[in-house]
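Q: As input, take input-v3.txt (compact mmCIF, C-alpha atoms):
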```
# COMPACT_ATOMS: atom_id res chain seq x y z
CA MET A 20 0.00 0.00 0.00
CA THR A 21 1.16 3.53 -0.74
CA PHE A 22 0.06 6.78 0.81
CA THR A 23 -0.83 10.08 -0.85
CA ASP A 24 -1.35 12.16 2.31
CA ASP A 25 -0.30 15.80 2.32
CA TYR A 26 3.49 16.00 2.54
CA SER A 27 3.57 18.44 5.45
CA LYS A 28 1.21 16.23 7.45
CA GLN A 29 3.45 13.24 6.87
CA ILE A 30 6.51 15.19 8.05
CA LYS A 31 4.67 16.36 11.15
CA HIS A 32 3.49 12.81 11.89
CA LEU A 33 6.98 11.36 11.51
CA ARG A 34 8.57 14.09 13.62
CA CYS A 35 6.04 13.40 16.36
CA GLU A 36 6.74 9.66 16.30
CA ILE A 37 10.49 10.27 16.50
CA GLU A 38 10.04 12.52 19.52
CA GLU A 39 7.68 10.23 21.40
CA THR A 40 8.97 6.74 20.62
CA ASP A 41 11.11 4.81 23.11
CA ALA A 42 13.43 3.32 20.49
CA ILE A 43 14.29 3.72 16.81
CA VAL A 44 15.55 1.00 14.49
CA ILE A 45 17.04 2.52 11.36
CA GLY A 46 17.11 0.40 8.22
CA GLY A 47 19.53 1.94 5.75
CA GLY A 48 19.46 0.93 2.08
CA SER A 49 21.18 2.06 -1.09
CA GLY A 50 18.70 4.89 -1.61
CA LEU A 51 20.08 6.64 1.46
CA SER A 52 23.60 6.72 0.01
CA THR A 53 22.25 7.75 -3.38
CA SER A 54 20.59 10.72 -1.70
CA ALA A 55 23.97 11.48 -0.12
CA GLY A 56 25.60 11.69 -3.56
CA LEU A 57 27.10 8.22 -3.76
CA THR A 58 25.87 7.55 -7.28
CA TYR A 59 27.33 4.79 -9.45
CA SER A 60 26.62 6.23 -12.88
CA GLY A 61 26.55 9.56 -14.67
CA LYS A 62 29.01 12.37 -14.01
CA ARG A 63 30.62 10.83 -10.93
CA PHE A 64 31.34 7.59 -12.79
CA GLU A 65 32.61 9.40 -15.87
CA GLU A 66 34.96 11.63 -13.88
CA ASN A 67 36.62 8.74 -12.07
CA PHE A 68 36.61 5.98 -14.72
CA SER A 69 36.86 7.71 -18.09
CA ASP A 70 39.74 5.47 -19.21
CA PHE A 71 37.87 2.26 -18.36
CA ILE A 72 34.72 3.61 -20.00
CA THR A 73 36.63 4.40 -23.20
CA ARG A 74 38.36 1.05 -23.40
CA TYR A 75 35.51 -1.25 -22.31
CA ASP A 76 32.37 0.80 -22.96
CA LEU A 77 31.31 0.47 -19.33
CA THR A 78 27.97 2.03 -18.41
CA ASN A 79 28.19 2.24 -14.62
CA MET A 80 30.52 1.62 -11.72
CA TYR A 81 28.68 -1.43 -10.39
CA THR A 82 28.67 -3.53 -13.57
CA GLY A 83 32.25 -2.48 -14.24
CA GLY A 84 33.22 -4.40 -11.12
CA PHE A 85 32.11 -7.64 -12.79
CA TYR A 86 33.92 -7.08 -16.09
CA PRO A 87 36.30 -9.99 -16.96
CA TYR A 88 39.56 -8.06 -16.91
CA GLN A 89 42.40 -10.01 -18.47
CA THR A 90 44.95 -9.44 -15.72
CA ALA A 91 44.93 -9.11 -11.94
CA GLU A 92 46.84 -5.85 -12.34
CA GLU A 93 43.97 -4.33 -14.33
CA TYR A 94 41.28 -5.87 -12.13
CA TRP A 95 42.79 -4.27 -9.04
CA ALA A 96 43.36 -0.97 -10.80
CA TYR A 97 39.62 -0.79 -11.33
CA TRP A 98 38.64 -2.10 -7.92
CA SER A 99 41.11 0.02 -5.95
CA ARG A 100 39.70 3.12 -7.63
CA TYR A 101 36.17 1.83 -6.98
CA ILE A 102 36.90 1.33 -3.28
CA TYR A 103 38.73 4.63 -2.99
CA VAL A 104 35.95 6.84 -4.40
CA ASN A 105 33.18 5.06 -2.48
CA ARG A 106 34.90 4.42 0.86
CA TYR A 107 37.91 6.66 1.43
CA ASP A 108 37.42 9.74 -0.74
CA LYS A 109 33.83 10.52 0.29
CA PRO A 110 33.07 12.43 3.49
CA ALA A 111 29.85 11.77 5.35
CA GLY A 112 26.86 12.75 3.23
CA GLN A 113 24.47 15.37 4.57
CA PRO A 114 21.53 12.93 4.91
CA TYR A 115 23.64 10.80 7.27
CA LEU A 116 24.67 13.85 9.29
CA ASP A 117 21.07 15.04 9.52
CA LEU A 118 19.91 11.58 10.52
CA LEU A 119 22.44 11.50 13.35
CA LYS A 120 21.18 14.87 14.60
CA ILE A 121 17.67 13.41 14.66
CA VAL A 122 18.48 10.24 16.63
CA LYS A 123 21.63 11.04 18.62
CA ASN A 124 19.68 11.55 21.85
CA LYS A 125 17.40 8.57 21.23
CA ASP A 126 17.85 4.87 21.91
CA TYR A 127 18.65 3.77 18.34
CA PHE A 128 20.18 0.93 16.37
CA VAL A 129 21.18 0.75 12.70
CA ILE A 130 20.92 -2.23 10.38
CA THR A 131 22.17 -1.56 6.86
CA THR A 132 22.91 -3.31 3.60
CA ASN A 133 25.19 -0.44 2.56
CA VAL A 134 28.90 -1.20 2.38
CA ASP A 135 30.28 2.34 2.07
CA HIS A 136 30.87 3.00 5.81
CA GLN A 137 28.80 6.20 5.70
CA PHE A 138 27.11 5.58 9.07
CA GLN A 139 30.49 5.21 10.79
CA ILE A 140 32.01 8.20 8.97
CA ALA A 141 29.04 10.35 10.03
CA GLY A 142 29.68 9.50 13.68
CA PHE A 143 27.07 6.87 14.55
CA ASP A 144 28.07 4.65 17.47
CA LYS A 145 29.88 1.66 15.93
CA ASN A 146 28.39 -0.59 18.60
CA ARG A 147 24.92 0.32 17.33
CA ILE A 148 25.53 -0.57 13.67
CA PHE A 149 25.09 -3.91 11.92
CA CYS A 150 26.47 -3.92 8.36
CA THR A 151 25.01 -7.16 7.07
CA GLN A 152 26.59 -7.21 3.60
CA GLY A 153 30.22 -6.32 4.28
CA ASP A 154 32.45 -3.28 3.83
CA TYR A 155 34.45 -1.88 0.91
CA GLY A 156 37.24 -1.25 3.40
CA LEU A 157 37.83 -4.92 4.14
CA TRP A 158 39.45 -7.77 2.24
CA GLN A 159 39.12 -11.49 2.77
CA CYS A 160 40.50 -14.70 1.34
CA SER A 161 38.57 -15.52 -1.83
CA LYS A 162 38.18 -19.21 -0.93
CA PRO A 163 37.95 -18.44 2.05
CA CYS A 164 40.36 -20.54 4.09
CA HIS A 165 39.63 -18.71 7.35
CA GLN A 166 36.99 -16.38 8.79
CA LYS A 167 38.96 -13.18 9.10
CA THR A 168 38.95 -9.82 7.28
CA TYR A 169 41.74 -7.32 6.70
CA ASP A 170 41.76 -3.52 6.53
CA ASN A 171 42.72 -2.39 3.04
CA GLU A 172 43.06 1.40 3.26
CA MET A 173 46.84 1.65 3.03
CA ILE A 174 47.22 -0.74 0.10
CA VAL A 175 44.21 0.68 -1.76
CA ARG A 176 45.69 4.17 -1.56
CA ARG A 177 48.96 2.83 -2.96
CA MET A 178 47.15 1.03 -5.76
CA VAL A 179 45.38 4.22 -6.74
CA SER A 180 48.47 6.43 -6.63
CA GLU A 181 50.84 3.99 -8.33
CA GLN A 182 48.67 2.58 -11.14
CA GLU A 183 49.64 3.35 -14.74
CA ASP A 184 47.85 2.54 -17.98
CA MET A 185 44.97 1.07 -15.94
CA LYS A 186 47.23 -1.42 -14.14
CA ILE A 187 48.69 -1.58 -10.64
CA PRO A 188 52.24 -2.81 -9.98
CA SER A 189 52.25 -6.60 -9.75
CA GLU A 190 53.75 -6.54 -6.28
CA LEU A 191 50.61 -4.83 -4.96
CA ILE A 192 48.26 -7.68 -5.93
CA PRO A 193 46.82 -8.88 -2.59
CA HIS A 194 47.12 -12.53 -1.55
CA CYS A 195 45.79 -14.37 1.48
CA PRO A 196 48.45 -14.44 4.23
CA ILE A 197 47.38 -17.97 5.19
CA CYS A 198 46.90 -19.93 1.96
CA GLY A 199 48.30 -17.58 -0.67
CA ARG A 200 45.14 -17.46 -2.77
CA LYS A 201 43.90 -14.18 -4.19
CA MET A 202 42.06 -11.80 -1.90
CA CYS A 203 38.69 -10.19 -2.65
CA VAL A 204 36.55 -7.44 -1.19
CA ASN A 205 34.42 -8.45 1.80
CA LEU A 206 31.06 -8.16 0.03
CA ARG A 207 28.18 -10.62 0.21
CA ILE A 208 27.90 -11.68 -3.43
CA ASP A 209 28.00 -15.47 -2.89
CA ASN A 210 28.46 -18.13 -0.23
CA ASN A 211 32.13 -17.23 0.19
CA PHE A 212 31.32 -14.10 2.21
CA VAL A 213 33.32 -14.02 5.45
CA GLU A 214 31.40 -13.27 8.63
CA ASP A 215 34.24 -12.41 10.99
CA GLU A 216 34.21 -11.72 14.74
CA ASP A 217 33.15 -8.11 14.28
CA TRP A 218 30.28 -9.18 12.03
CA HIS A 219 29.00 -11.67 14.61
CA PHE A 220 29.43 -9.14 17.42
CA ALA A 221 27.26 -6.64 15.51
CA ALA A 222 24.68 -9.32 14.66
CA GLU A 223 24.40 -10.30 18.32
CA ASN A 224 24.05 -6.65 19.38
CA TYR A 225 21.24 -6.15 16.89
CA SER A 226 19.45 -9.33 17.95
CA ARG A 227 19.74 -8.34 21.61
CA TYR A 228 18.43 -4.85 20.89
CA ILE A 229 15.39 -6.20 19.05
CA GLN A 230 14.69 -8.70 21.81
CA ASN A 231 14.96 -6.05 24.52
CA HIS A 232 12.52 -3.76 22.71
CA LYS A 233 10.06 -6.27 21.31
CA ASN A 234 7.26 -4.88 23.48
CA SER A 235 8.38 -1.24 23.49
CA ARG A 236 6.98 1.73 21.68
CA ILE A 237 9.36 1.50 18.75
CA LEU A 238 9.78 3.19 15.39
CA PHE A 239 11.08 1.15 12.46
CA LEU A 240 12.54 3.83 10.21
CA GLU A 241 13.31 2.45 6.75
CA LEU A 242 15.41 4.70 4.48
CA GLY A 243 16.05 3.89 0.83
CA VAL A 244 15.51 0.13 0.98
CA GLY A 245 14.50 -1.31 -2.37
CA CYS A 246 13.15 -4.71 -3.31
CA ASN A 247 16.42 -6.42 -4.26
CA THR A 248 16.96 -7.82 -0.76
CA PRO A 249 13.68 -7.22 1.12
CA THR A 250 14.24 -10.14 3.49
CA ILE A 251 17.04 -8.30 5.32
CA ILE A 252 15.27 -5.09 6.36
CA LYS A 253 11.87 -4.47 4.78
CA TYR A 254 10.02 -7.72 5.50
CA PRO A 255 11.41 -8.07 9.05
CA PHE A 256 10.38 -4.46 9.77
CA TRP A 257 6.85 -5.21 8.53
CA ARG A 258 6.67 -8.41 10.58
CA MET A 259 7.94 -6.79 13.80
CA THR A 260 5.55 -3.88 13.38
CA TYR A 261 2.66 -6.30 12.90
CA LEU A 262 3.57 -8.29 16.01
CA ASN A 263 3.97 -5.24 18.27
CA PRO A 264 0.80 -3.09 18.58
CA GLN A 265 2.94 -0.20 19.87
CA ALA A 266 5.27 -0.20 16.87
CA VAL A 267 5.17 2.24 13.96
CA TYR A 268 6.70 1.64 10.53
CA ALA A 269 8.02 4.58 8.49
CA CYS A 270 9.35 4.34 4.95
CA ILE A 271 11.08 7.19 3.10
CA ASN A 272 12.03 6.23 -0.42
CA LEU A 273 11.65 8.17 -3.66
CA GLY A 274 9.52 6.05 -5.98
CA GLU A 275 9.34 3.05 -3.62
CA ALA A 276 7.52 4.17 -0.49
CA HIS A 277 4.96 1.52 0.42
CA THR A 278 3.83 -0.70 3.27
CA ALA A 279 1.90 -3.90 3.95
CA LYS A 280 -1.88 -3.73 4.17
CA GLU A 281 -1.87 -5.34 7.62
CA ILE A 282 0.11 -2.48 9.18
CA GLU A 283 -1.21 0.40 7.09
CA PRO A 284 -2.86 2.22 10.05
CA ARG A 285 0.54 2.31 11.80
CA SER A 286 2.63 3.24 8.77
CA ILE A 287 4.07 6.48 7.44
CA CYS A 288 5.14 6.34 3.79
CA ILE A 289 6.86 9.36 2.23
CA ASP A 290 7.59 9.20 -1.49
CA GLU A 291 10.33 11.84 -1.62
CA ASP A 292 14.10 12.31 -1.63
CA ILE A 293 15.45 11.11 1.72
CA GLY A 294 17.81 14.04 2.14
CA LYS A 295 14.99 16.53 1.66
CA VAL A 296 12.79 14.80 4.24
CA LEU A 297 15.56 14.58 6.85
CA ARG A 298 16.35 18.30 6.36
CA GLU A 299 12.67 19.07 7.00
CA ILE A 300 12.71 17.05 10.21
CA VAL A 301 15.93 18.64 11.48
CA ALA A 302 14.69 22.18 10.76
```
Once more with this new file: its structure as structure tokens, please.

A:
Amino acid sequence: MTFTDDYSKQIKHLRCEIEETDAIVIGGGSGLSTSAGLTYSGKRFEENFSDFITRYDLTNMYTGGFYPYQTAEEYWAYWSRYIYVNRYDKPAGQPYLDLLKIVKNKDYFVITTNVDHQFQIAGFDKNRIFCTQGDYGLWQCSKPCHQKTYDNEMIVRRMVSEQEDMKIPSELIPHCPICGRKMCVNLRIDNNFVEDEDWHFAAENYSRYIQNHKNSRILFLELGVGCNTPTIIKYPFWRMTYLNPQAVYACINLGEAHTAKEIEPRSICIDEDIGKVLREIVA
């Protein structure tokens, strides 16, 4: 179900729920980072990958990551640049900063499918964040032979600064320190995704938070979650709202703001740019 209520009334309703609720669970999806300027096509892609676009006729940053590059040197030239512009060369987006202003004095927790570290960069408490799908800033064994991840900032910066003709120096190609196989970015794209100690710690924190607030007056605030992976955030938010008569579900998503019929009376759906809505609430 979608709502067509007056925009100002929706903002007022959401602001009231934020002020009066006991707890807020934030579900952050790709639309939140898009609103923050982390786009994967258009001008931003063209400015950072013009050489790859010219040679391979790439259309966007995401699909370029799956191109069958002939050498590891070229593969990591692309991926190091990809990681750099999306993880290390992007300050916290304004929607994330505004969101923190809104919830910083509330009892909140974040679950996100985003892998760009924007919640952490913006200053959200790292112990209140569960990044379910990984992090551009981490590498893992591609097999994997062990359940551990490795920070990649230093080597990624070297790859970016030292690459020539769309290739990194061969000595910078990352290999697993245990088995010697190639490394890959810690992203959940198949069953090889590594869930390390930090991942399990965050998962347990989130589970405990949900359990402790299952009967509380709670706001499930969904921001920019699409329908590619609805089982991680959207459907659980709907189910938990349905099971708790005190819960309210809010969805802000340009072009995809909707709710389930069963919880419609306790839902706020705003079909608008997330950054614009958060600015209205902060004001």

Q: Taking into account only C-alpha atoms, which residue in the set A:Met202, A:Ile208, A:Val213, A:Val179 is nearest to A:Gln166?

A: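 When distances to A:Gln166 are compared using only C-alpha atoms, the smallest one comes from A:Val213.
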
Q: Please produce, as a tab-separated table, a per-residue contact table for stretch 27-70 of chain A versus stretch 144-162 of chain A (criterion: any atom at most 12 Å away, all atoms listed in the file considered), showing the nearest atom pair and its distance in Å to one decimal, sorted by chain then residue number.

A:
```
residue	atom	partner	partner_atom	distance
A:Ile43	CA	A:Arg147	CA	11.2
A:Val44	CA	A:Arg147	CA	9.8
A:Ile45	CA	A:Ile148	CA	9.3
A:Gly46	CA	A:Phe149	CA	9.8
A:Gly47	CA	A:Cys150	CA	9.5
A:Gly48	CA	A:Cys150	CA	10.6
A:Ser49	CA	A:Gln152	CA	11.7
```

Q: Using Å and a single decimal, report how far atom CA of A:Lys109 sits from atom CA of A:Ile72.

A: 21.5 Å

Q: May I ask which of the residues A:Glu291, A:Thr90, A:Val175, A:Pro163 is the closest one to A:Asn211, counting all atoms listed in the file?

A: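 Using all atoms listed in the file, the shortest distance to A:Asn211 belongs to A:Pro163.
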
Q: If you measure from atom CA of A:Tyr26 to atom CA of A:Pro114, what distance in Å do you get, rounded to one decimal?

A: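 Between atom CA of A:Tyr26 and atom CA of A:Pro114 the gap works out to 18.5 Å.
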
Q: Under the rule that only C-alpha atoms are counted, which of A:Ser27, A:Phe64, A:Asp292, A:Tyr81 is the nearest residue to A:Leu273?

A: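 Going through A:Ser27, A:Phe64, A:Asp292, A:Tyr81 one by one, the smallest distance to A:Leu273 is for A:Asp292.
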
Q: For A:Ala276, which residue out of A:Phe220, A:Pro87, A:Ile130, A:Gly50 is the nearest one, using only C-alpha atoms?

A: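 Answer, going by the shortest atom-to-atom distance: A:Gly50.
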
Q: For A:Asp126, please output as a list of chain:residue names all residues within 8 Å (counting all atoms listed in the file; exclusion window: fewer than 4 positions along the same chain).

A: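 Final neighbour list, sorted by chain and number: A:Asp41, A:Ala42, A:Ile43, A:Val122.
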
Q: Deliver the residues from the most recent selection as a file, using C-alpha atoms, as a PDB file, in the coordinates of the input.

A:
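For reference, result_12.pdb as written:
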```
ATOM      1  CA  ASP A  41      11.110   4.810  23.110  1.00  0.00           C
ATOM      2  CA  ALA A  42      13.430   3.320  20.490  1.00  0.00           C
ATOM      3  CA  ILE A  43      14.290   3.720  16.810  1.00  0.00           C
ATOM      4  CA  VAL A 122      18.480  10.240  16.630  1.00  0.00           C
TER       5      VAL A 122
END
```

Q: Compare A:Asp217, A:Met185, A:Ala266, A:Gly245 by their minimum atom-to-atom distance to A:Tyr88, counting all atoms listed in the file, and give me the closest one.

A: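 Ranked by minimum distance to A:Tyr88, first place goes to A:Met185.
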
Q: A:Ala279: which residues within 12 Å, counting all atoms listed in the file, same-chain residues fewer than 6 positions away excluded, as a list in words?

A: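 The contact residues come out as Met20, Thr21, Phe22, Lys253, Tyr254, Pro255, Phe256, Trp257, Arg258, Met259, Thr260, Tyr261, Tyr268, Ala269, Cys270, Arg285, Ser286, Ile287 and Cys288 of chain A.
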
Q: Rounded to one decimal in Å, what is the spacing between atom CA of A:Tyr97 and atom CA of A:Gly83?

A: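 Rounded to one decimal, the two atoms are 8.1 Å apart.
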
Q: Might you pull out every residue within 12 Å of A:Asn124, with all atoms listed in the file counted and same-chain residues fewer than 3 positions away left off, and present them as a list in words?

A: Ile37, Glu38, Thr40, Asp41, Ala42, Ile43, Leu118, Leu119, Lys120, Ile121, Tyr127, Phe128, Phe143 and Asp144 of chain A

Q: Find the residue from A:His194, A:Lys280, A:Lys123, A:Lys28 that sits nearest to A:Ala141; use all atoms listed in the file when measuring.

A: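 Closest residue, counting all atoms listed in the file: A:Lys123.
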
Q: Do a neighbour search on A:Met80 at 9 Å with only C-alpha atoms, toss out local chain neighbours closer than 5 positions, and write the hits as a list in words.

A: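 Counting only C-alpha atoms, the residues come to Thr58, Tyr59, Ser60, Phe64, Phe68 and Tyr101 of chain A.
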
Q: How would stretch 159-179 of chain A look with N, CA and C atoms restored, written as a PDB file, in the coordinates of the input?

A:
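What landed in rebuild_39.pdb:
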```pdb
ATOM      1  N   GLN A 159      39.189 -10.151   2.221  1.00  0.00           N
ATOM      2  CA  GLN A 159      39.120 -11.490   2.770  1.00  0.00           C
ATOM      3  C   GLN A 159      39.733 -12.465   1.773  1.00  0.00           C
ATOM      4  N   CYS A 160      40.041 -13.649   2.246  1.00  0.00           N
ATOM      5  CA  CYS A 160      40.500 -14.700   1.340  1.00  0.00           C
ATOM      6  C   CYS A 160      39.350 -15.063   0.408  1.00  0.00           C
ATOM      7  N   SER A 161      39.632 -15.244  -0.855  1.00  0.00           N
ATOM      8  CA  SER A 161      38.570 -15.520  -1.830  1.00  0.00           C
ATOM      9  C   SER A 161      38.012 -16.911  -1.713  1.00  0.00           C
ATOM     10  N   LYS A 162      38.711 -17.842  -1.033  1.00  0.00           N
ATOM     11  CA  LYS A 162      38.180 -19.210  -0.930  1.00  0.00           C
ATOM     12  C   LYS A 162      36.946 -19.317  -0.057  1.00  0.00           C
ATOM     13  N   PRO A 163      36.859 -18.893   1.188  1.00  0.00           N
ATOM     14  CA  PRO A 163      37.950 -18.440   2.050  1.00  0.00           C
ATOM     15  C   PRO A 163      38.479 -19.574   2.925  1.00  0.00           C
ATOM     16  N   CYS A 164      39.751 -19.484   3.276  1.00  0.00           N
ATOM     17  CA  CYS A 164      40.360 -20.540   4.090  1.00  0.00           C
ATOM     18  C   CYS A 164      40.203 -20.275   5.578  1.00  0.00           C
ATOM     19  N   HIS A 165      39.839 -19.050   5.941  1.00  0.00           N
ATOM     20  CA  HIS A 165      39.630 -18.710   7.350  1.00  0.00           C
ATOM     21  C   HIS A 165      38.668 -17.529   7.436  1.00  0.00           C
ATOM     22  N   GLN A 166      38.025 -17.392   8.589  1.00  0.00           N
ATOM     23  CA  GLN A 166      36.990 -16.380   8.790  1.00  0.00           C
ATOM     24  C   GLN A 166      37.570 -15.116   9.425  1.00  0.00           C
ATOM     25  N   LYS A 167      38.352 -14.409   8.634  1.00  0.00           N
ATOM     26  CA  LYS A 167      38.960 -13.180   9.100  1.00  0.00           C
ATOM     27  C   LYS A 167      38.997 -12.172   7.965  1.00  0.00           C
ATOM     28  N   THR A 168      38.864 -10.878   8.293  1.00  0.00           N
ATOM     29  CA  THR A 168      38.950  -9.820   7.280  1.00  0.00           C
ATOM     30  C   THR A 168      40.142  -8.919   7.595  1.00  0.00           C
ATOM     31  N   TYR A 169      40.549  -8.136   6.579  1.00  0.00           N
ATOM     32  CA  TYR A 169      41.740  -7.320   6.700  1.00  0.00           C
ATOM     33  C   TYR A 169      41.473  -5.903   6.184  1.00  0.00           C
ATOM     34  N   ASP A 170      41.897  -4.906   6.951  1.00  0.00           N
ATOM     35  CA  ASP A 170      41.760  -3.520   6.530  1.00  0.00           C
ATOM     36  C   ASP A 170      42.588  -3.285   5.275  1.00  0.00           C
ATOM     37  N   ASN A 171      42.023  -2.550   4.321  1.00  0.00           N
ATOM     38  CA  ASN A 171      42.720  -2.390   3.040  1.00  0.00           C
ATOM     39  C   ASN A 171      43.093  -0.947   2.700  1.00  0.00           C
ATOM     40  N   GLU A 172      42.895  -0.006   3.614  1.00  0.00           N
ATOM     41  CA  GLU A 172      43.060   1.400   3.260  1.00  0.00           C
ATOM     42  C   GLU A 172      44.454   1.724   2.729  1.00  0.00           C
ATOM     43  N   MET A 173      45.489   1.304   3.427  1.00  0.00           N
ATOM     44  CA  MET A 173      46.840   1.650   3.030  1.00  0.00           C
ATOM     45  C   MET A 173      47.184   1.129   1.645  1.00  0.00           C
ATOM     46  N   ILE A 174      46.872  -0.144   1.393  1.00  0.00           N
ATOM     47  CA  ILE A 174      47.220  -0.740   0.100  1.00  0.00           C
ATOM     48  C   ILE A 174      46.343  -0.199  -1.020  1.00  0.00           C
ATOM     49  N   VAL A 175      45.081   0.109  -0.734  1.00  0.00           N
ATOM     50  CA  VAL A 175      44.210   0.680  -1.760  1.00  0.00           C
ATOM     51  C   VAL A 175      44.730   2.056  -2.183  1.00  0.00           C
ATOM     52  N   ARG A 176      45.150   2.854  -1.227  1.00  0.00           N
ATOM     53  CA  ARG A 176      45.690   4.170  -1.560  1.00  0.00           C
ATOM     54  C   ARG A 176      46.949   4.039  -2.417  1.00  0.00           C
ATOM     55  N   ARG A 177      47.770   3.058  -2.132  1.00  0.00           N
ATOM     56  CA  ARG A 177      48.960   2.830  -2.960  1.00  0.00           C
ATOM     57  C   ARG A 177      48.574   2.383  -4.363  1.00  0.00           C
ATOM     58  N   MET A 178      47.615   1.492  -4.451  1.00  0.00           N
ATOM     59  CA  MET A 178      47.150   1.030  -5.760  1.00  0.00           C
ATOM     60  C   MET A 178      46.669   2.181  -6.629  1.00  0.00           C
ATOM     61  N   VAL A 179      45.919   3.090  -5.999  1.00  0.00           N
ATOM     62  CA  VAL A 179      45.380   4.220  -6.740  1.00  0.00           C
ATOM     63  C   VAL A 179      46.494   5.161  -7.193  1.00  0.00           C
TER      64      VAL A 179
END
```
